file start-v2.txt (compact mmCIF, C-alpha atoms)
# COMPACT_ATOMS: atom_id res chain seq x y z
CA GLY A 19 -30.06 13.85 -7.61
CA ASP A 20 -28.25 10.64 -6.92
CA SER A 21 -30.28 7.85 -5.32
CA VAL A 22 -30.16 4.17 -4.39
CA THR A 23 -33.15 1.83 -4.29
CA GLN A 24 -33.03 -1.48 -2.45
CA MET A 25 -35.55 -4.25 -2.18
CA GLU A 26 -37.85 -3.97 0.81
CA GLY A 27 -37.23 -6.19 3.77
CA PRO A 28 -37.28 -7.99 5.97
CA VAL A 29 -35.87 -11.03 4.23
CA THR A 30 -36.05 -14.28 6.18
CA LEU A 31 -34.06 -17.29 4.99
CA SER A 32 -33.14 -20.67 6.32
CA GLU A 33 -29.49 -21.42 6.92
CA GLU A 34 -27.63 -22.45 3.73
CA ALA A 35 -30.21 -20.79 1.48
CA PHE A 36 -29.20 -18.58 -1.46
CA LEU A 37 -29.39 -14.84 -0.89
CA THR A 38 -30.09 -12.04 -3.34
CA ILE A 39 -30.70 -8.45 -2.29
CA ASN A 40 -31.50 -6.20 -5.22
CA CYS A 41 -30.01 -2.73 -5.55
CA THR A 42 -30.40 -0.21 -8.38
CA TYR A 43 -29.06 3.29 -8.57
CA THR A 44 -29.47 6.63 -10.29
CA ALA A 45 -26.41 8.82 -10.58
CA THR A 46 -24.61 11.27 -12.80
CA GLY A 47 -21.63 9.66 -14.47
CA TYR A 48 -20.15 6.43 -13.21
CA PRO A 49 -20.15 6.18 -9.44
CA SER A 50 -18.36 3.71 -7.20
CA LEU A 51 -20.74 1.24 -5.56
CA PHE A 52 -20.68 -0.30 -2.11
CA TRP A 53 -22.44 -2.72 0.17
CA TYR A 54 -22.28 -1.97 3.89
CA VAL A 55 -23.50 -4.23 6.70
CA GLN A 56 -24.83 -3.13 10.08
CA TYR A 57 -25.01 -5.68 12.89
CA PRO A 58 -27.30 -4.97 15.86
CA GLY A 59 -26.00 -2.11 18.00
CA GLU A 60 -23.05 -1.42 15.73
CA GLY A 61 -21.99 1.04 13.08
CA LEU A 62 -21.56 0.34 9.39
CA GLN A 63 -18.92 -2.01 8.08
CA LEU A 64 -17.82 -2.05 4.47
CA LEU A 65 -18.67 -5.45 3.02
CA LEU A 66 -17.53 -5.00 -0.59
CA LYS A 67 -17.14 -2.43 -3.32
CA ALA A 68 -16.75 -1.97 -7.07
CA THR A 69 -15.37 1.12 -8.73
CA LYS A 70 -16.15 0.61 -12.41
CA ALA A 71 -18.50 -1.22 -14.73
CA ASP A 72 -18.26 -5.03 -14.77
CA ASP A 73 -16.14 -5.06 -11.63
CA LYS A 74 -17.10 -7.75 -9.14
CA GLY A 75 -16.70 -7.02 -5.45
CA SER A 76 -16.45 -9.97 -3.09
CA ASN A 77 -15.88 -10.61 0.59
CA LYS A 78 -16.83 -13.31 3.11
CA GLY A 79 -18.73 -15.28 0.44
CA PHE A 80 -20.76 -12.25 -0.66
CA GLU A 81 -20.51 -10.97 -4.23
CA ALA A 82 -21.92 -8.10 -6.26
CA THR A 83 -21.26 -7.11 -9.87
CA TYR A 84 -21.40 -3.52 -11.14
CA ARG A 85 -23.84 -3.59 -14.07
CA LYS A 86 -23.83 -0.29 -15.91
CA GLU A 87 -26.44 -1.34 -18.49
CA THR A 88 -29.02 -2.10 -15.79
CA THR A 89 -27.62 0.38 -13.20
CA SER A 90 -27.62 -2.42 -10.66
CA PHE A 91 -25.37 -3.86 -7.96
CA HIS A 92 -27.23 -6.86 -6.54
CA LEU A 93 -25.78 -8.60 -3.49
CA GLU A 94 -25.58 -12.41 -3.55
CA LYS A 95 -24.37 -15.19 -1.31
CA GLY A 96 -24.59 -18.86 -2.11
CA SER A 97 -25.15 -20.19 1.40
CA VAL A 98 -26.14 -17.88 4.25
CA GLN A 99 -25.39 -18.47 7.91
CA VAL A 100 -27.18 -17.35 11.06
CA SER A 101 -24.27 -14.97 11.66
CA ASP A 102 -25.17 -13.11 8.43
CA SER A 103 -28.31 -11.74 10.08
CA ALA A 104 -27.95 -7.96 9.85
CA VAL A 105 -29.10 -4.92 7.89
CA TYR A 106 -27.48 -4.48 4.48
CA PHE A 107 -27.10 -1.08 2.81
CA CYS A 108 -26.29 -0.42 -0.81
CA ALA A 109 -24.51 2.89 -1.38
CA LEU A 110 -22.83 4.93 -4.07
CA ILE A 111 -20.36 7.78 -4.30
CA ARG A 112 -19.55 9.89 -7.32
CA ASN A 113 -16.02 9.55 -8.55
CA SER A 114 -15.74 13.26 -9.27
CA GLY A 115 -15.66 16.05 -6.75
CA ASN A 116 -16.02 15.96 -3.02
CA THR A 117 -19.33 14.16 -2.68
CA PRO A 118 -20.71 12.01 0.14
CA LEU A 119 -21.93 8.44 0.25
CA VAL A 120 -25.59 8.08 -0.77
CA PHE A 121 -27.32 5.13 0.89
CA GLY A 122 -30.38 3.05 0.20
CA LYS A 123 -32.89 2.45 2.99
CA GLY A 124 -31.40 -0.88 3.96
CA THR A 125 -32.63 -4.47 3.86
CA ARG A 126 -32.93 -6.47 7.06
CA LEU A 127 -31.86 -10.11 6.71
CA SER A 128 -32.80 -12.74 9.25
CA VAL A 129 -31.31 -16.21 8.89
CA ILE A 130 -32.90 -18.99 10.92
CA ALA A 131 -31.26 -22.28 11.81
CA GLU B 148 -4.68 0.98 14.32
CA THR B 149 -7.57 2.44 16.26
CA GLY B 150 -11.01 2.73 14.72
CA VAL B 151 -13.55 5.54 14.95
CA THR B 152 -14.84 6.21 18.45
CA GLN B 153 -18.04 8.10 19.18
CA SER B 154 -19.37 9.40 22.46
CA PRO B 155 -21.71 9.16 24.16
CA THR B 156 -23.31 5.95 22.96
CA HIS B 157 -26.80 6.93 24.10
CA LEU B 158 -28.34 10.26 25.02
CA ILE B 159 -31.78 11.53 26.00
CA LYS B 160 -32.58 15.21 25.59
CA THR B 161 -35.64 17.39 25.89
CA ARG B 162 -37.12 19.28 22.95
CA GLY B 163 -35.51 22.72 22.63
CA GLN B 164 -32.24 21.70 24.27
CA GLN B 165 -28.82 21.62 22.63
CA VAL B 166 -26.57 18.59 22.22
CA THR B 167 -22.93 17.93 21.33
CA LEU B 168 -21.78 14.60 19.94
CA ARG B 169 -18.12 13.68 19.65
CA CYS B 170 -16.06 11.60 17.26
CA SER B 171 -12.42 10.52 17.27
CA SER B 172 -11.14 9.71 13.80
CA GLN B 173 -9.21 6.64 12.82
CA SER B 174 -5.48 7.23 13.04
CA GLY B 175 -4.14 8.73 9.81
CA HIS B 176 -7.52 9.91 8.54
CA ASN B 177 -7.99 13.62 7.82
CA THR B 178 -11.66 13.82 6.80
CA VAL B 179 -14.73 13.37 8.97
CA SER B 180 -18.33 12.99 7.79
CA TRP B 181 -21.50 12.90 9.86
CA TYR B 182 -24.66 11.01 8.98
CA GLN B 183 -28.12 10.84 10.54
CA GLN B 184 -29.86 7.46 10.48
CA ALA B 185 -33.52 7.56 11.43
CA LEU B 186 -35.17 4.34 12.52
CA GLY B 187 -35.65 2.01 9.56
CA GLN B 188 -33.89 4.35 7.14
CA GLY B 189 -30.51 4.60 5.49
CA PRO B 190 -27.95 7.12 6.72
CA GLN B 191 -28.41 10.69 5.44
CA PHE B 192 -25.39 12.93 4.92
CA ILE B 193 -25.23 15.92 7.27
CA PHE B 194 -21.81 17.45 6.52
CA GLN B 195 -18.13 16.75 6.04
CA TYR B 196 -14.98 18.37 7.41
CA TYR B 197 -11.52 18.37 5.88
CA ARG B 198 -8.61 20.11 7.59
CA GLU B 199 -10.96 21.88 10.00
CA GLU B 200 -13.14 23.37 7.25
CA GLU B 201 -16.64 22.28 6.26
CA ASN B 202 -16.38 21.15 2.63
CA GLY B 203 -19.75 19.58 1.98
CA ARG B 204 -23.24 19.75 3.48
CA GLY B 205 -26.44 17.83 3.04
CA ASN B 206 -30.01 19.06 3.33
CA PHE B 207 -29.94 19.89 7.04
CA PRO B 208 -30.81 23.24 8.67
CA PRO B 209 -28.18 25.57 10.16
CA ARG B 210 -29.00 24.43 13.69
CA PHE B 211 -26.86 21.40 12.78
CA SER B 212 -23.26 22.57 13.00
CA GLY B 213 -19.88 21.03 13.50
CA LEU B 214 -16.21 21.42 14.21
CA GLN B 215 -13.07 19.54 13.32
CA PHE B 216 -10.01 19.92 15.51
CA PRO B 217 -6.28 19.86 14.58
CA ASN B 218 -6.09 16.20 15.64
CA TYR B 219 -8.96 15.52 13.16
CA SER B 220 -11.47 14.67 15.87
CA SER B 221 -14.86 16.25 15.40
CA GLU B 222 -18.04 17.46 17.08
CA LEU B 223 -21.61 17.63 15.87
CA ASN B 224 -23.79 20.24 17.56
CA VAL B 225 -27.54 20.40 17.27
CA ASN B 226 -29.43 23.39 18.67
CA ALA B 227 -33.13 23.72 19.42
CA LEU B 228 -33.70 19.97 19.35
CA GLU B 229 -36.89 18.69 17.74
CA LEU B 230 -38.56 15.32 18.19
CA ASP B 231 -37.63 14.39 14.62
CA ASP B 232 -33.95 14.74 15.52
CA SER B 233 -34.23 11.41 17.34
CA ALA B 234 -31.91 9.11 15.39
CA LEU B 235 -28.60 7.28 15.32
CA TYR B 236 -25.80 9.71 14.47
CA LEU B 237 -22.87 8.13 12.67
CA CYS B 238 -19.42 9.52 12.23
CA ALA B 239 -17.14 8.28 9.45
CA SER B 240 -13.50 9.12 8.90
CA SER B 241 -11.46 8.74 5.76
CA LEU B 242 -8.24 9.81 4.07
CA THR B 243 -9.14 12.16 1.23
CA GLY B 244 -8.13 10.88 -2.15
CA VAL B 245 -7.58 7.32 -1.03
CA ASP B 246 -10.00 4.80 -2.41
CA TYR B 247 -13.05 6.05 -0.46
CA GLY B 248 -12.08 3.97 2.55
CA TYR B 249 -14.64 5.22 5.04
CA THR B 250 -14.50 3.84 8.58
CA PHE B 251 -17.67 4.27 10.58
CA GLY B 252 -18.09 4.52 14.32
CA SER B 253 -20.80 2.67 16.23
CA GLY B 254 -22.89 5.80 16.50
CA THR B 255 -24.66 7.86 19.14
CA ARG B 256 -28.33 7.06 19.70
CA LEU B 257 -30.09 10.38 20.42
CA THR B 258 -33.63 10.39 21.77
CA VAL B 259 -35.49 13.69 21.99
CA VAL B 260 -38.53 13.70 24.28
call {"tool": "encode", "arguments": {"input": "start-v2.txt", "output": "structure tokens"}}
result
Amino acid sequence: GDSVTQMEGPVTLSEEAFLTINCTYTATGYPSLFWYVQYPGEGLQLLLKATKADDKGSNKGFEATYRKETTSFHLEKGSVQVSDSAVYFCALIRNSGNTPLVFGKGTRLSVIA
Amino acid sequence: ETGVTQSPTHLIKTRGQQVTLRCSSQSGHNTVSWYQQALGQGPQFIFQYYREEENGRGNFPPRFSGLQFPNYSSELNVNALELDDSALYLCASSLTGVDYGYTFGSGTRLTVV
């Protein structure tokens, strides 16, 4: 079945460091890909998405590019802030049929001043 | 526009009891999905409702059941609670056919003792 694999956390970075969180997927066909963020005590918020190969999703300084050849959707940010500390989830959904979001296990990011 | 509201926020139940969790959809959304997020894991799909009918189900036993009401709000019922049911339960609403714009609630934290 469909699955998403994320790098294990936690990831601890100093403020203004470069961030990469790796995400690879297995799916039938060409799914849409997402990054969600979960702040402490809150639900999931959509951070960015890409719906087809070579699309780049971006939001709040975060970027991720849909790479069909490597089945990857790595999350990057050039300069992290303390406020970026959260858990990040990579997810996919098939573009055909009535199928649910499939999530990775999440990667906890801690940014220290 | 209002977001997704879940109640209660926290709940403690005893093994063997039954529980009902509630979700109010975002205005204009007609589809509700429920996810279970165990500690340190990604959300797992339980089921989805569209126009008051279940139209998708994940790998959860029948003691997990749900309802969707004419105003698109929803309930998740769990019978015969087990310790492993302890988790954060997330509700997400969406408008079917529109760009997979899921809006998540903040969740209900269920603890089974």
call {"tool": "atom_distance", "arguments": {"input": "start-v2.txt", "atom1": "atom CA of A:Gly47", "atom2": "atom CA of A:Ala68"}}
result
14.6 Å
call {"tool": "residues_near_point", "arguments": {"input": "start-v2.txt", "point": "(-31.5, 6.0, -6.1)", "cutoff": "8 Å", "atoms": "all atoms listed in the file", "output": "short mmCIF file (atom, residue, chain, number, x, y, z; two decimals) with C-alpha atoms, keeping the file's coordinate frame"}}
result
data_model
loop_
_atom_site.label_atom_id
_atom_site.label_comp_id
_atom_site.auth_asym_id
_atom_site.auth_seq_id
_atom_site.Cartn_x
_atom_site.Cartn_y
_atom_site.Cartn_z
CA ASP A 20 -28.25 10.64 -6.92
CA SER A 21 -30.28 7.85 -5.32
CA VAL A 22 -30.16 4.17 -4.39
CA THR A 23 -33.15 1.83 -4.29
CA THR A 42 -30.40 -0.21 -8.38
CA TYR A 43 -29.06 3.29 -8.57
CA THR A 44 -29.47 6.63 -10.29
CA ALA A 45 -26.41 8.82 -10.58
CA GLY A 122 -30.38 3.05 0.20
#
call {"tool": "residues_around", "arguments": {"input": "start-v2.txt", "residues": "A:Leu51", "least_positions_apart": "5", "cutoff": "7 Å", "atoms": "all atoms listed in the file", "output": "PyMOL selection string"}}
result
chain A and resi 67-69+109-111
call {"tool": "closest_residue", "arguments": {"input": "start-v2.txt", "among": "B:Val225, B:Ala185, B:Leu242, B:Val260", "to": "B:Val166", "atoms": "all atoms listed in the file"}}
result
B:Val225
call {"tool": "interface_residues", "arguments": {"input": "start-v2.txt", "of": "chain A", "to": "chain B", "cutoff": "8 Å", "atoms": "all atoms listed in the file", "output": "list in words"}}
result
Gly59, Glu60, Gly61, Leu62, Gln63, Leu64, Phe107, Asn116, Thr117, Pro118, Leu119, Val120, Phe121, Gly122, Lys123 and Gly124 of chain A
call {"tool": "write_last_selection", "arguments": {"input": "start-v2.txt", "atoms": "C-alpha atoms", "output": "PDB file, in the frame of the given file"}}
result
ATOM      1  CA  GLY A  59     -26.000  -2.110  18.000  1.00  0.00           C
ATOM      2  CA  GLU A  60     -23.050  -1.420  15.730  1.00  0.00           C
ATOM      3  CA  GLY A  61     -21.990   1.040  13.080  1.00  0.00           C
ATOM      4  CA  LEU A  62     -21.560   0.340   9.390  1.00  0.00           C
ATOM      5  CA  GLN A  63     -18.920  -2.010   8.080  1.00  0.00           C
ATOM      6  CA  LEU A  64     -17.820  -2.050   4.470  1.00  0.00           C
ATOM      7  CA  PHE A 107     -27.100  -1.080   2.810  1.00  0.00           C
ATOM      8  CA  ASN A 116     -16.020  15.960  -3.020  1.00  0.00           C
ATOM      9  CA  THR A 117     -19.330  14.160  -2.680  1.00  0.00           C
ATOM     10  CA  PRO A 118     -20.710  12.010   0.140  1.00  0.00           C
ATOM     11  CA  LEU A 119     -21.930   8.440   0.250  1.00  0.00           C
ATOM     12  CA  VAL A 120     -25.590   8.080  -0.770  1.00  0.00           C
ATOM     13  CA  PHE A 121     -27.320   5.130   0.890  1.00  0.00           C
ATOM     14  CA  GLY A 122     -30.380   3.050   0.200  1.00  0.00           C
ATOM     15  CA  LYS A 123     -32.890   2.450   2.990  1.00  0.00           C
ATOM     16  CA  GLY A 124     -31.400  -0.880   3.960  1.00  0.00           C
TER      17      GLY A 124
END
call {"tool": "atom_distance", "arguments": {"input": "start-v2.txt", "atom1": "atom CA of B:His176", "atom2": "atom CA of B:Tyr219"}}
result
7.4 Å
call {"tool": "residues_around", "arguments": {"input": "start-v2.txt", "residues": "A:Ser103", "least_positions_apart": "2", "cutoff": "9 Å", "atoms": "all atoms listed in the file", "output": "list in words"}}
result
Tyr57, Pro58, Val98, Gln99, Val100, Ser101, Val105, Arg126, Leu127, Ser128, Val129 and Ile130 of chain A
call {"tool": "closest_residue", "arguments": {"input": "start-v2.txt", "among": "B:Asn218, B:Ser212, B:Thr161, B:Thr178", "to": "B:Ser240", "atoms": "all atoms listed in the file"}}
result
B:Thr178
call {"tool": "closest_residue", "arguments": {"input": "start-v2.txt", "among": "A:Ala131, A:Ala71, A:Cys41, A:Leu66", "to": "A:Ser90", "atoms": "all atoms listed in the file"}}
result
A:Cys41
call {"tool": "atom_distance", "arguments": {"input": "start-v2.txt", "atom1": "atom CA of A:His92", "atom2": "atom CA of B:Gln173"}}
result
29.7 Å
